[in-house]
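What follows is a set of notes on a single structure, which appears directly below.
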Amino acid sequence: MPTLTTDKIIAKLNSYFTTNQYVFWYDEKGEFKDIIGTIADQLTSAKLYQAQANQQFKTKIDLLKDSQHKYLIYATYKRPKIQENYLTDMEHYSKLFTADATQIILEELNLPEEQLYFVKQHSDYFGAKSRRADFVKYWSDAFAKQPEKGTIAAITKTEKLDMNELLMKVIATGSDNNHYVFLFTKYGVLDAFWKIVMNYFGGDENSEVDLNHLVECLFITYLSNELEKKLPSKFGNYYLERQDNVQIFIDRFADSNKYQQYYDDCSTTVWHQLNLAEVLKHEPVMILTKISIFEEINHLILAKLVAKFDGKQITDYEQILETIDQMLDRTRNNYSGGTEPEYKFLRYAAELLNLKVPLVENWHEELADYLYNGYQIDTIYRKSLLAYTDISNTDNYVAIKKTLDLYYGNILLDSSVKQWNDTFNLQQVPNELRQERFYHNHVRDVRKRVVVIFSDALRYEVAKELEEELNSDDRLTMKMNHALTVLPSVTYMGMNVMLPHHKLEWDVKANKVRVDGANAENTENRDKILKSYDENNLAFQLKNILEMSSKEIKQLIVGKNVIYLYHNQIDAKGHELKTTRELVEATEKAIAEIKQAVQVLRTNGIAHIIITADHGFIYQEKQIQDTDKIDLHDQSYVGNAHLRYLITPNKMNVKGVKETTLGVSLNNNDSTNVYYPMSPNEFVAKSGSKNYVHGGSSIQEMLIPVLDIKASSRRSVAQPAQIKLAATTFRINNLKMNLLFNQTAPISDTVLPAEYHAYFTDEDGKLISNNVTIEANRTGSAADRTIAITITMQDAQYGLNKKYYLVIEREGSEEEPKKFEYRMDLVN
């Protein structure tokens, strides 16, 4: 719809046509080309003719052909000189018209008269209808005193000219040939942009600055604030006065999913350009841990931590753990360079080198200690290997890794195995712990349907990790039992003796255990044995269960009583290892698959699940030297020696070797001998992996888990941990707002860890602070569950009569965030 000014133009043109057949309008800048059609539609007696440059003769012919009508001849080019203009004679008896586009634009923009000069000054920008539309869209009355803000907001499409969003957009466009800087320059608002930015961050508005230097100033100001001290004098001109606004900008920049990569690029560039590694390398490690804005700080910290490892000696053990925990607990993602594995490796290394195998009187005491404490030695070593394999460049960690391998192999494992075999006698193992009594002890008398998962080589310490992960599900109740394997501790013994049986026999020709005279070497044969005791029993492969639909699973298990499911992830990889990673990843995968299986079975009506194994294993990176291996070549015996055992009817007397009989393992009178090393050493043998072994006598090889799980089909009642805002005045009286929250209940089966975000907004929902993460993951008393945070307010002009809100939202929640109304009590 025409504005008041266009009405005036239309009226003036109509008055000209009362006495003139032609009216010529030269609009060299094309300021009215967007609305000329609208104007022409309102002319009462004339048509519109849009003349083209360098076509005056054509224009004249066209007009003369239609001499019966009046015409507004509109030309978007400069009026030609007389000697070049074919229309000069027609213009002589016609009317020339001009108009001021600025006034029309002013009214189109809905700006007051005092902004007329601003619009004229920036006519290049306002010449396009699309740019005018953007200006109107992003204009705010708050820009009235500095209308260039409207142009900047429109160019960058930044709502309310949020300074943090604005600057992130500009930085993301790059420092060289920056698109926004080009447009700011083109449309005459570059100086205004820099004044706005420098005013917001407290810089010198009159100083010459570029984007690179501004970014450096922002990072140096933030860094100085984190360190709570000034940096060397050469950084004197890098400090910005409004530190709170700097903090909010960097925090939002660093935590932004949209601009994360640009933040990382800026951070890395500033680190290297200003050589901050050299500046900070002498700072104590606990000072360096305060720095959160440079990923590269991790390398300085890690170097200082590595220096604290000197062979088996560790200096500042507690500080190492405290430092690593502090870095691992960071809520900001400071691992973009992949340093999390390094921290984890050093933590596991420090923990392991600080451990010793306790001296005990007999194997019963060693077993008791291992069940509750000692198993962690093997877990920590395994986790250290996993972390080490994730390190991209291990050059700085090779020496520690070698020390770790030697300490685990020569000290911890060696002490454990030797101490075990000093007193261990398989014949002394009570019936409730004997592997061949597994069915009798744990399955036979169960009245309801039970599923038993046999995971090959699921070592006890691995099962403890599985138990810990399953324990977070309140629909599961668990009890960790255990048993000791037969000897040798191998699959063809363990899997077979755990089947229901009346008698077990050693088949000398096949080198296998026969169950009630039957072959039990695969799932099909085990299924037959189970069914011989009850036709409603079943043996099946776990991997097939995981591939089946719920309907297929229910059809499979309907009417079944005892179901044996066989799983082979760890042992399958262990015997064909090419790299360490294969075994540690297979262990992680085994845990994940069994967790999945438990949930699949639970949701399909299985209420009782037992997880167990056929044997454990020894794994060490330290290579056993040939001089330490036990050579049986000078012995006369029948049979083949394996790395950790030998089965033979012959009697031998070898130093460092103990024996039992198959009769003890199989509970019969078989006198066949089973020999095994008393240490982690191995027999000279051709078969098997040199790092992953089992078959011998050690707590690592013989202790198997019997994890008894009762599952419920009900829905979980577990809920995320809740937090409550402690007493407050609900007034913003400081740019640094210190707030207390109480986690209402400790973490448990029914209270799950949760992550919350806290920040302040104005009444329009605009963010006016940084966004602080609250980790609700605490255990212990109410006092231990108090969480203190500091939220930094943006340093800006606030209205004392306006409403402001503290917003608390839970990560991943679809619920409406909680809002607490605050009043502003800051004096600007």
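Ordered as shown in the structure tokens, chains take letters A, B, and onward, while each chain numbers its residues from 1 and ligands are numbered from 1 in the order shown.
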May I have the residues within 9 Å of stretch 581-595 of chain A as a short mmCIF file (atom, residue, chain, number, x, y, z; two decimals) with N, CA and C atoms, in the first residue's frame, using only C-alpha atoms and disregarding those fewer than 3 positions away in the same chain?
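New file result.cif:
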data_model
loop_
_atom_site.label_atom_id
_atom_site.label_comp_id
_atom_site.auth_asym_id
_atom_site.auth_seq_id
_atom_site.Cartn_x
_atom_site.Cartn_y
_atom_site.Cartn_z
N ARG A 382 44.23 -54.02 32.75
CA ARG A 382 43.48 -54.14 31.48
C ARG A 382 43.03 -52.78 30.98
N LYS A 383 42.54 -51.93 31.89
CA LYS A 383 42.08 -50.60 31.50
C LYS A 383 43.25 -49.73 31.04
N LEU A 385 45.81 -50.80 29.43
CA LEU A 385 46.10 -51.23 28.06
C LEU A 385 45.11 -50.63 27.07
N LEU A 386 43.84 -50.60 27.48
CA LEU A 386 42.82 -50.01 26.61
C LEU A 386 43.11 -48.54 26.37
N THR A 389 46.14 -48.02 24.03
CA THR A 389 45.89 -48.28 22.61
C THR A 389 45.13 -47.14 21.95
N ASP A 390 44.49 -46.28 22.76
CA ASP A 390 43.74 -45.14 22.22
C ASP A 390 44.61 -43.90 22.05
N ILE A 453 24.07 -67.96 30.92
CA ILE A 453 24.94 -67.46 29.85
C ILE A 453 26.37 -67.87 30.17
N SER A 455 29.93 -67.31 29.06
CA SER A 455 30.78 -66.46 28.22
C SER A 455 32.22 -66.95 28.35
N LEU A 458 35.24 -65.23 30.40
CA LEU A 458 34.77 -64.04 31.12
C LEU A 458 35.40 -64.06 32.51
N VAL A 462 36.35 -59.07 34.95
CA VAL A 462 35.52 -58.53 33.87
C VAL A 462 34.05 -58.59 34.27
N ALA A 463 33.67 -59.70 34.89
CA ALA A 463 32.30 -59.85 35.35
C ALA A 463 31.95 -58.83 36.43
N GLU A 465 33.02 -55.77 36.48
CA GLU A 465 32.71 -54.56 35.73
C GLU A 465 31.32 -54.65 35.12
N LEU A 466 30.99 -55.83 34.61
CA LEU A 466 29.65 -56.05 34.07
C LEU A 466 28.60 -55.87 35.16
N GLU A 469 27.96 -52.22 35.88
CA GLU A 469 27.17 -51.54 34.85
C GLU A 469 25.70 -51.96 34.91
N LEU A 470 25.44 -53.25 35.16
CA LEU A 470 24.06 -53.72 35.26
C LEU A 470 23.38 -53.18 36.51
N LEU A 542 24.21 -67.52 22.01
CA LEU A 542 23.76 -66.19 22.42
C LEU A 542 23.70 -65.23 21.23
N LYS A 543 24.66 -65.33 20.34
CA LYS A 543 24.69 -64.40 19.19
C LYS A 543 23.42 -64.53 18.36
N LEU A 546 20.58 -62.56 19.95
CA LEU A 546 20.70 -61.11 19.73
C LEU A 546 20.26 -60.71 18.33
N HIS A 567 28.43 -68.06 24.61
CA HIS A 567 28.92 -66.78 24.09
C HIS A 567 30.44 -66.85 24.02
N ASN A 568 30.99 -66.45 22.89
CA ASN A 568 32.45 -66.53 22.73
C ASN A 568 32.95 -65.26 22.07
N GLN A 569 33.39 -64.33 22.87
CA GLN A 569 33.94 -63.08 22.34
C GLN A 569 35.40 -62.93 22.76
N ILE A 570 35.67 -63.08 24.06
CA ILE A 570 37.03 -62.85 24.58
C ILE A 570 37.97 -63.95 24.13
N ASP A 571 37.59 -65.20 24.36
CA ASP A 571 38.49 -66.31 24.05
C ASP A 571 38.75 -66.43 22.56
N ALA A 572 37.73 -66.13 21.75
CA ALA A 572 37.90 -66.22 20.29
C ALA A 572 39.00 -65.28 19.81
N LYS A 573 39.04 -64.07 20.39
CA LYS A 573 40.07 -63.11 20.02
C LYS A 573 41.40 -63.43 20.68
N GLY A 574 41.32 -63.90 21.95
CA GLY A 574 42.55 -64.13 22.71
C GLY A 574 43.51 -65.10 22.07
N LEU A 577 45.43 -63.39 18.74
CA LEU A 577 45.76 -61.97 18.88
C LEU A 577 46.85 -61.55 17.92
N LYS A 578 46.60 -60.40 17.30
CA LYS A 578 47.63 -59.73 16.51
C LYS A 578 48.07 -58.45 17.20
N VAL A 598 20.97 -59.48 28.51
CA VAL A 598 20.18 -59.44 29.74
C VAL A 598 18.90 -58.65 29.52
N GLN A 599 19.01 -57.51 28.86
CA GLN A 599 17.82 -56.69 28.62
C GLN A 599 16.87 -57.36 27.65
N VAL A 600 17.40 -58.01 26.62
CA VAL A 600 16.55 -58.72 25.65
C VAL A 600 15.80 -59.84 26.34
N ILE A 611 25.04 -65.60 34.89
CA ILE A 611 26.16 -65.35 33.97
C ILE A 611 27.40 -65.98 34.57
N TYR A 692 48.23 -63.99 25.80
CA TYR A 692 46.96 -64.45 26.35
C TYR A 692 47.05 -65.96 26.57
#
Write out as a compact mmCIF listing (two decimals) with all heavy atoms, in the first residue's frame which residues come within 8 Å of A:Leu739 when counting only C-alpha atoms, dropping same-chain ones fewer than 6 positions away.
# COMPACT_ATOMS: atom_id res chain seq x y z
N LEU A 725 17.15 -25.21 44.18
CA LEU A 725 17.85 -23.96 44.44
C LEU A 725 17.74 -23.64 45.93
O LEU A 725 16.64 -23.61 46.50
CB LEU A 725 17.24 -22.83 43.61
CG LEU A 725 17.84 -21.43 43.78
CD1 LEU A 725 19.29 -21.40 43.33
CD2 LEU A 725 17.02 -20.42 42.98
N ALA A 726 18.88 -23.44 46.58
CA ALA A 726 18.88 -23.11 48.00
C ALA A 726 18.36 -21.68 48.19
O ALA A 726 18.18 -20.93 47.23
CB ALA A 726 20.28 -23.27 48.58
N THR A 728 17.60 -17.93 48.52
CA THR A 728 18.21 -16.81 47.81
C THR A 728 17.30 -15.60 47.92
O THR A 728 16.10 -15.74 48.21
CB THR A 728 18.45 -17.17 46.33
OG1 THR A 728 19.01 -16.04 45.64
CG2 THR A 728 17.15 -17.57 45.65
N ALA A 788 27.85 -25.74 44.59
CA ALA A 788 28.00 -24.28 44.46
C ALA A 788 28.45 -23.94 43.04
O ALA A 788 29.33 -24.59 42.49
CB ALA A 788 29.02 -23.78 45.47
N ILE A 789 27.81 -22.94 42.45
CA ILE A 789 28.19 -22.49 41.11
C ILE A 789 28.27 -20.97 41.09
O ILE A 789 27.71 -20.29 41.96
CB ILE A 789 27.21 -22.97 40.02
CG1 ILE A 789 25.84 -22.28 40.20
CG2 ILE A 789 27.08 -24.47 40.01
CD1 ILE A 789 24.91 -22.47 39.02
N THR A 790 28.97 -20.44 40.11
CA THR A 790 29.03 -19.00 39.88
C THR A 790 28.61 -18.72 38.45
O THR A 790 29.18 -19.26 37.51
CB THR A 790 30.45 -18.45 40.11
OG1 THR A 790 30.83 -18.71 41.46
CG2 THR A 790 30.48 -16.94 39.86
N ILE A 791 27.58 -17.88 38.31
CA ILE A 791 27.11 -17.48 36.98
C ILE A 791 27.54 -16.04 36.74
O ILE A 791 27.30 -15.17 37.59
CB ILE A 791 25.58 -17.60 36.86
CG1 ILE A 791 25.14 -19.05 37.11
CG2 ILE A 791 25.11 -17.15 35.48
CD1 ILE A 791 23.65 -19.27 36.99
| said: When you look at A:Phe438 with a cut-off of 9 Å (counting only C-alpha atoms), what residues show up, excluding the ones that are within fewer than 6 positions of it in the same chain? I need them as a list in words. | reply: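 Near neighbours after the sequence-gap exclusion: Glu432, Arg444, Ala483, Val497, Met498, Leu499 and Pro500 of chain A.
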| task | Would you mind writing down, as an MDAnalysis selection string, each residue of stretch 282-487 of chain A that DSSP on the backbone assigns to strand (DSSP E)? | result | chainID A and resid 309:310 313:314 450:455 476:484
| field | Which of stretch 521-760 of chain A fall in alpha helix (DSSP H), as a PyMOL selection string | value | chain A and resi 523-533+542-547+550-557+570-574+580-603+662-666+699-702
| said: Quick one: residues within 12 Å of A:Ala754, only C-alpha atoms, excluding same-chain residues fewer than 4 positions away - as a list in words? | reply: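 The contact residues come out as Ala718, Gln719, Pro720, Ala721, Gln722, Ile723, Gln743, Ala745, Pro746, Ile747, Thr773, Ile774, Glu775, Ala776, Asn777, Arg778, Glu809, Arg810, Glu811, Gly812 and Ser813 of chain A.
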Selection above as a file: all heavy atoms, as a short mmCIF file (atom, residue, chain, number, x, y, z; two decimals), in the first residue's frame:
data_model
loop_
_atom_site.label_atom_id
_atom_site.label_comp_id
_atom_site.auth_asym_id
_atom_site.auth_seq_id
_atom_site.Cartn_x
_atom_site.Cartn_y
_atom_site.Cartn_z
N ALA A 718 13.56 -45.70 38.10
CA ALA A 718 14.73 -44.82 38.22
C ALA A 718 14.45 -43.47 37.58
O ALA A 718 13.87 -43.39 36.50
CB ALA A 718 15.95 -45.47 37.58
N GLN A 719 14.86 -42.43 38.27
CA GLN A 719 14.65 -41.07 37.79
C GLN A 719 15.96 -40.29 37.86
O GLN A 719 16.83 -40.60 38.69
CB GLN A 719 13.60 -40.36 38.65
CG GLN A 719 12.21 -40.98 38.55
CD GLN A 719 11.59 -40.79 37.18
OE1 GLN A 719 11.81 -39.77 36.53
NE2 GLN A 719 10.83 -41.78 36.73
N PRO A 720 16.13 -39.29 36.99
CA PRO A 720 17.33 -38.46 37.08
C PRO A 720 17.39 -37.74 38.42
O PRO A 720 16.37 -37.39 39.01
CB PRO A 720 17.15 -37.46 35.93
CG PRO A 720 16.13 -38.06 35.04
CD PRO A 720 15.23 -38.87 35.91
N ALA A 721 18.60 -37.54 38.92
CA ALA A 721 18.79 -36.80 40.16
C ALA A 721 18.18 -35.41 40.03
O ALA A 721 18.32 -34.75 38.99
CB ALA A 721 20.28 -36.71 40.49
N GLN A 722 17.53 -34.96 41.09
CA GLN A 722 16.89 -33.66 41.10
C GLN A 722 17.75 -32.67 41.90
O GLN A 722 18.45 -33.05 42.84
CB GLN A 722 15.50 -33.74 41.74
CG GLN A 722 14.55 -34.68 41.03
CD GLN A 722 14.19 -34.18 39.65
OE1 GLN A 722 13.83 -33.01 39.47
NE2 GLN A 722 14.28 -35.07 38.65
N ILE A 723 17.68 -31.41 41.51
CA ILE A 723 18.38 -30.36 42.27
C ILE A 723 17.39 -29.28 42.66
O ILE A 723 16.41 -29.04 41.96
CB ILE A 723 19.55 -29.75 41.47
CG1 ILE A 723 19.06 -29.14 40.14
CG2 ILE A 723 20.65 -30.77 41.23
CD1 ILE A 723 20.13 -28.38 39.39
N GLN A 743 21.39 -31.33 45.74
CA GLN A 743 20.96 -32.54 45.06
C GLN A 743 20.10 -33.30 46.07
O GLN A 743 20.57 -33.68 47.13
CB GLN A 743 22.16 -33.38 44.63
CG GLN A 743 21.80 -34.63 43.85
CD GLN A 743 23.03 -35.43 43.47
OE1 GLN A 743 24.01 -34.88 42.95
NE2 GLN A 743 23.02 -36.72 43.73
N ALA A 745 18.73 -36.23 46.50
CA ALA A 745 18.97 -37.60 46.95
C ALA A 745 20.29 -38.10 46.35
O ALA A 745 20.69 -37.66 45.27
CB ALA A 745 17.83 -38.52 46.52
N PRO A 746 20.98 -38.98 47.04
CA PRO A 746 22.24 -39.50 46.50
C PRO A 746 22.01 -40.43 45.32
O PRO A 746 20.92 -41.00 45.17
CB PRO A 746 22.84 -40.27 47.69
CG PRO A 746 21.66 -40.66 48.53
CD PRO A 746 20.66 -39.56 48.37
N ILE A 747 23.02 -40.58 44.49
CA ILE A 747 22.93 -41.48 43.35
C ILE A 747 22.76 -42.92 43.84
O ILE A 747 23.43 -43.35 44.77
CB ILE A 747 24.19 -41.36 42.47
CG1 ILE A 747 24.34 -39.93 41.95
CG2 ILE A 747 24.14 -42.35 41.32
CD1 ILE A 747 23.17 -39.44 41.14
N THR A 773 27.22 -25.50 33.69
CA THR A 773 26.78 -26.89 33.80
C THR A 773 26.84 -27.35 35.25
O THR A 773 27.80 -27.08 35.96
CB THR A 773 27.67 -27.81 32.94
OG1 THR A 773 27.58 -27.39 31.57
CG2 THR A 773 27.25 -29.26 33.05
N ILE A 774 25.78 -28.02 35.68
CA ILE A 774 25.71 -28.57 37.04
C ILE A 774 25.65 -30.08 36.92
O ILE A 774 24.71 -30.63 36.34
CB ILE A 774 24.47 -28.06 37.80
CG1 ILE A 774 24.47 -26.52 37.84
CG2 ILE A 774 24.40 -28.65 39.19
CD1 ILE A 774 23.17 -25.95 38.40
N GLU A 775 26.66 -30.77 37.46
CA GLU A 775 26.70 -32.23 37.42
C GLU A 775 26.06 -32.77 38.69
O GLU A 775 26.63 -32.68 39.78
CB GLU A 775 28.14 -32.73 37.31
CG GLU A 775 28.85 -32.33 36.03
CD GLU A 775 28.39 -33.14 34.83
OE1 GLU A 775 27.60 -34.08 35.03
OE2 GLU A 775 28.82 -32.82 33.71
N ALA A 776 24.86 -33.31 38.57
CA ALA A 776 24.17 -33.91 39.72
C ALA A 776 24.52 -35.40 39.76
O ALA A 776 23.79 -36.24 39.24
CB ALA A 776 22.66 -33.70 39.61
N ASN A 777 25.67 -35.69 40.35
CA ASN A 777 26.17 -37.07 40.34
C ASN A 777 26.76 -37.47 41.69
O ASN A 777 27.64 -38.31 41.77
CB ASN A 777 27.21 -37.25 39.24
CG ASN A 777 28.38 -36.28 39.39
OD1 ASN A 777 28.46 -35.53 40.37
ND2 ASN A 777 29.28 -36.26 38.43
N ARG A 778 26.27 -36.85 42.76
CA ARG A 778 26.92 -37.00 44.05
C ARG A 778 26.26 -38.06 44.93
O ARG A 778 25.06 -38.29 44.86
CB ARG A 778 26.94 -35.67 44.78
CG ARG A 778 27.57 -34.57 43.93
CD ARG A 778 28.01 -33.41 44.72
NE ARG A 778 28.65 -32.41 43.86
CZ ARG A 778 29.27 -31.35 44.31
NH1 ARG A 778 29.35 -31.11 45.60
NH2 ARG A 778 29.83 -30.50 43.47
N GLU A 809 17.59 -26.03 33.32
CA GLU A 809 17.07 -27.06 32.42
C GLU A 809 17.97 -28.29 32.48
O GLU A 809 19.19 -28.19 32.61
CB GLU A 809 16.96 -26.55 30.99
CG GLU A 809 18.26 -26.07 30.37
CD GLU A 809 18.05 -25.55 28.96
OE1 GLU A 809 16.91 -25.56 28.48
OE2 GLU A 809 19.05 -25.13 28.34
N ARG A 810 17.34 -29.45 32.40
CA ARG A 810 18.08 -30.72 32.45
C ARG A 810 18.45 -31.16 31.04
O ARG A 810 17.61 -31.15 30.14
CB ARG A 810 17.27 -31.79 33.17
CG ARG A 810 17.97 -33.15 33.24
CD ARG A 810 17.30 -34.08 34.24
NE ARG A 810 15.91 -34.30 33.93
CZ ARG A 810 15.46 -35.19 33.05
NH1 ARG A 810 16.33 -35.94 32.38
NH2 ARG A 810 14.16 -35.34 32.83
N GLU A 811 19.69 -31.55 30.87
CA GLU A 811 20.19 -32.01 29.59
C GLU A 811 19.37 -33.21 29.11
O GLU A 811 19.17 -34.17 29.84
CB GLU A 811 21.67 -32.41 29.71
CG GLU A 811 22.30 -32.93 28.43
CD GLU A 811 22.54 -31.82 27.42
OE1 GLU A 811 22.71 -30.67 27.83
OE2 GLU A 811 22.57 -32.13 26.22
N GLY A 812 18.89 -33.13 27.86
CA GLY A 812 18.16 -34.23 27.27
C GLY A 812 16.71 -34.33 27.68
O GLY A 812 15.99 -35.23 27.22
N SER A 813 16.24 -33.41 28.53
CA SER A 813 14.85 -33.48 29.00
C SER A 813 13.93 -32.72 28.07
O SER A 813 14.29 -31.68 27.51
CB SER A 813 14.75 -32.88 30.40
OG SER A 813 13.40 -32.81 30.82
#
| request: Check the smallest atom-to-atom distance from each of A:Ile618, A:Ile314, A:Leu367, A:Ile400 to A:Arg459 using only C-alpha atoms, then report the winner. | output: A:Ile618
Report as a Markdown table the residues of stretch 532-634 of chain A within 8 Å of stretch 405-421 of chain A, each with its shortest atom pair and distance in Å (one decimal), using only C-alpha atoms, ordered by chain and increasing residue number.
| residue | atom | partner | partner_atom | distance |
| --- | --- | --- | --- | --- |
| A:Gln620 | CA | A:Gly409 | CA | 6.3 |
| A:Glu621 | CA | A:Asp405 | CA | 5.7 |
| A:Lys622 | CA | A:Asp405 | CA | 5.4 |
Residue subset to file, keeping C-alpha atoms, as a PDB file, in the first residue's frame:
ATOM      1  CA  GLN A 620      50.439 -59.571  30.151  1.00  0.00           C
ATOM      2  CA  GLU A 621      52.398 -57.468  27.700  1.00  0.00           C
ATOM      3  CA  LYS A 622      55.729 -58.472  29.223  1.00  0.00           C
TER       4      LYS A 622
END
| request: Name the residues in contact with stretch 650-653 of chain A at a cut-off of 12 Å, using only C-alpha atoms, excluding same-chain residues fewer than 2 positions from it; report them as a PyMOL selection string. | output: chain A and resi 632-640+646-648+655-661+671-677
| field | Gap from atom CA of A:Ile155 to atom CA of A:Tyr180 - Å, one decimal | value |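 That distance, rounded to one decimal, is 7.4 Å.
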| note | note - atom CA of A:Val279 and atom CA of A:Ala307 are separated by 19.1 Å
| field | Shell around stretch 818-820 of chain A at 10 Å using only C-alpha atoms, local window under 5 positions removed, as an NGL selection string | value | :A and (725 or 730 or 758-761 or 804-810)
| query | stretch 13-21 of chain A: which residues within 7 Å, counting only C-alpha atoms, same-chain residues fewer than 6 positions away excluded, as a ChimeraX atom specification? | reply | /A:43-44,70-71,94-95
| said: Can you measure atom CA of A:Leu116 to atom CA of A:Lys29 for me? One decimal in Å is fine. | reply: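 Spanning atom CA of A:Leu116 to atom CA of A:Lys29 is a straight-line distance of 18.0 Å.
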| said: Restricting the calculation to only C-alpha atoms: of A:Leu643, A:Ile606, A:Ala349, A:Ala153, which residue gets closest to A:Lys402? | reply: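 Of A:Leu643, A:Ile606, A:Ala349, A:Ala153, the one nearest A:Lys402 is A:Ala349, counting only C-alpha atoms.
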